[in-house]
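Here's the structure we're looking at; comments come further down.
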Amino acid sequence: MSQVQAVPASPLKQRWLKWRFHLNILLILIPLGFMPKYFADARLFRGEAGLGANVINDIQVGPYTLDLAEMRDEPPRADGPAGHFKVFNASLCKACVNGVKAAYLRIGKPRSLRAAGTIFFGAPYNMGTSLPIPPRTKPDAQVWITLEGWDGSMHQASVPLAKASPATVAWLEKQGGKK
Amino acid sequence: MAKSPKKSKSRLWFLVHSWLALPIWFFVLIVCFTGMLAVVSQEIVWLADPAVRANKPDADAERLSFQQVLDALHKAEPDMVVERLNQPDGSHFAVKANVTLPDGTSPTLYVNPYTGAIQGKTPDFNFEAFTRALHGWWLVPFTNGFSWGWYLVSLLGLPMLASLVTGLVVYKKFWKGFFKPLRTGHGSRIFWGDLHRLAGVWSIWFIAVISITGTWFLIQAILADNHITISSRPIVPVIAREDVPQTPNGSPAARIDLDEAARIAGLAVPGLEINFISLPATAYSHITLAGPGWYPLMFQSASVNPYTRNVDSQFLISDRSALEFVTESMRPLHTGDFGGLPIKLVWFFFGLVLTLMVFSGLLIWTKRTAQATAAALKRSERAPRMTRNETPVEIRP
């Protein structure tokens with residue numbers, strides 16, 4: 001706006017005077033443009049668009065099986081000083097819903113049940129967790145799934161991060177361990 | 001009436017007032033209109049969809065307890081997982097149940113509070129959520145912190161507050177305007193001008209409330225995006241591993257039922273009126289019960305350990321800091337959802353008036369301000385300074 005005071009008839013001012021009411025049209029176009037995304041997200045949150053992206057079906061974890069997917073096919077999101085996070089969804093097989101007390105996710109093999117990683121929240125048919133992704137994670141890292149039974153048993157399995165979330169691996173490679 | 005320097009100053013205020021919302025008037029109009037709809041969106045859905053209503057099967061039917069509702073749901077759909085139960089404010093609304101089905105979908109069900117029957121589910125086009133999303137953040141998705149649409153809408157609180165102030169400055173003796181009749185026989189400009197002023201003086205309190213709370217939403221987003229918190233809400237720790245029983249046969253450990261949890265929460269928090277129950281989201285989570293207390297603008301909550309029956313965490317109205325009393329009151333003051341239908345109707349009515357003010361303001365502008373501005377530009381060599389005074393309010397991406 002600083003140009004306005006220089007010359008009353010500066011081209012910028014003239015353009016502003018001529019086009020200012022078109023701001024209305026631009027502003028109305030915003031929600032129209034985001035509407036498909038809004039409805040797609042609403043479907044995703046209702047679980048109607050499936051578990052997520054890059055679904056890995058029937059991962060055998062001890063006696064149980066589980067499907068794992070990333071919520072969105074995209075790099076981790078920053079959450080201020082807490083670091084970067086990636087939301088994963090999982091679904092337990094229908095027969096194992098009652099036996100599993102808790103499911104956890106972690107990058108790298110957990111040393112014990114107490115360090116099994118982030119816990120999955122929600123119904124076993126479609127539960128979610130926000131997995132911290134340390135920027136120094138190696139691109140060939142494994143994502144470890146830990147299932148804890150109500151009887152105290154513990155079962156583990158792993159899948160390559162590159163398979164669970166290719167976008168995260170691409171992001172890690174771009175970071176190049178610089179943090 | 002006024003001396004000439006004063007007059008020219010008020011003329012300037014008048015121009016500022018006239019130009020405040022103008023280049024984006026249609027945006028402002030839609031935001032006011034959708035806000036007005038959002039206030040009564042729940043009632044609109046109630047009118048449109050019989051599944052949302054809590055009809056009594058017969059005159060002496062009693063309302064079910066939360067556990068009875070849960071039992072009815074489990075009986076109807078044994079494999080379904082219930083995550084939350086919520087009795088909306090108003091006994092004419094069905095209980096809402098957030099559930100997840102074995103196919104992984106998570107609908108919100110409407111449950112009759114007298115019979116426990118599942119009456120329907122939230123339709124794919126959720127009118128309440130849509131109007132609120134359009135009004136609140138212009139449908140711009142939240143990807144990293146607050147959506148920029150949220151900033152766009154909440155920024156309007158500032159010009160709205162400025163319109164109120166400048167409007168009162170240019171309306172001489174506005175306090176005498178409450179009962180001025182509308183002049184109908186003098187052409188449309190006079191009529192719309194009278195209507196704009198009459199609506200304006202009656203809406204002073206409402207415009208102040210909406211613009212101040214709207215500006216709070218802006219501050220809230222700025223604070224959150226800079227990871228500054230003023231909340232004294234306790235972070236409920238997960239239940240300790242030792243407190244969650246192991247079962248030799250491998251079946252889930254017994255938890256107390258919802259009515260027992262409600263009883264325990266009621267003992268710990270006298271006067272807690274529970275209308276929201278969230279069931280444990282993990283084996284290490286609490287049953288959280290929440291509802292209004294003596295101060296209608298804030299909720300209280302208690303988290304009951306479903307294994308040990310302890311109230312592990314609670315957040316009462318008296319736990320709030322003085323600052324939180326102000327900031328937490330902002331959202332209900334904006335949405336008008338703190339006093340049942342009467343307050344909502346008041347908010348709806350003044351929302352309609354506000355929408356009309358934006359509209360009548362535009363009509364007046366097209367009829368008068370265009371000429372006034374042209375005249376002001378012509379009249380003085382200092383015209384560029386005049387125009388500069390009106391432009392800052394137009395700095396808007």
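Each chain of the structure tokens is named A, B, ... in the order shown, its residues numbered from 1; ligands are numbered from 1 in display order.
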
* **Expected answer as a VMD selection string: strand (DSSP E) residues in range 249-305 of chain B** => chain B and resid 276 to 278 287 to 292 299 to 304

Output as a Markdown table one row per residue of chain A within 6 Å of chain B: the closest atom pair and its distance in Å to one decimal place, counting only C-alpha atoms, sorted by chain and residue number ascending.
```
| residue | atom | partner | partner_atom | distance |
| --- | --- | --- | --- | --- |
| A:Arg20 | CA | B:Pro23 | CA | 5.7 |
| A:Phe21 | CA | B:Pro23 | CA | 4.9 |
| A:Asn24 | CA | B:Ile24 | CA | 5.1 |
| A:Pro31 | CA | B:Leu139 | CA | 5.3 |
| A:Arg46 | CA | B:Ser106 | CA | 4.8 |
| A:Gly47 | CA | B:Thr105 | CA | 4.2 |
| A:Glu48 | CA | B:Thr105 | CA | 5.5 |
| A:Gly99 | CA | B:Ser251 | CA | 5.6 |
| A:Lys101 | CA | B:Ala283 | CA | 6.0 |
| A:Phe121 | CA | B:Ala281 | CA | 5.3 |
| A:Gly122 | CA | B:Ala281 | CA | 4.8 |
| A:Tyr125 | CA | B:Gly104 | CA | 5.1 |
| A:Asn126 | CA | B:Gly104 | CA | 5.1 |
| A:Trp150 | CA | B:Gly250 | CA | 4.8 |
| A:Asp151 | CA | B:Gly250 | CA | 4.4 |
```

Quick one: everything within 10 Å of Leu161 in chain A, counting only C-alpha atoms, minus sequence neighbours fewer than 4 positions away in the same chain. Send it as a tab-separated table (two decimals) with C-alpha atoms, in the first residue's frame.
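Saved file part22.tsv follows:
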```tsv
chain	number	residue	atom	x	y	z
A	107	ILE	CA	10.47	-47.02	14.95
A	108	GLY	CA	13.19	-49.52	15.81
A	137	THR	CA	15.78	-42.03	11.47
A	138	LYS	CA	17.54	-44.15	8.86
A	139	PRO	CA	15.55	-44.58	5.67
A	140	ASP	CA	15.86	-48.36	5.97
A	141	ALA	CA	14.36	-48.35	9.48
A	142	GLN	CA	11.71	-50.85	10.52
A	143	VAL	CA	8.38	-49.99	12.10
A	144	TRP	CA	7.72	-52.35	15.00
A	165	SER	CA	5.16	-44.78	4.51
A	166	PRO	CA	7.21	-44.09	1.38
A	167	ALA	CA	6.61	-40.35	1.80
A	168	THR	CA	8.25	-40.44	5.24
A	169	VAL	CA	11.31	-42.18	3.82
```

* Give me the residues within 7 Å of range 326-343 of chain B as a VMD selection string, counting only C-alpha atoms and dropping any in the same chain fewer than 4 places off. => chain B and resid 39 89 to 90 209 to 210 213 296 to 298 322 347

* To do: Step one, run DSSP on the backbone; step two, keep only residues of range 168-285 of chain B assigned to helix (DSSP H, G or I); then write them as a ChimeraX atom specification.
  => /B:168-170,174-176,188-202,204-225,241-243,258-268

* **Test item: residues at most 6 Å from Gly52 in chain A, only C-alpha atoms, excluding those fewer than 6 positions along its chain, as number ranges by chain** => A: 69-71

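CA of Asn98 in chain A is found 12.2 Å from CA of Ala254 in chain B.
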
* Would you mind listing what lies within 8 Å of range 110-113 of chain A as a PyMOL selection string, with only C-alpha atoms counted and same-chain residues fewer than 3 positions away left out? => chain A and resi 106+116-117+144+146+148+154
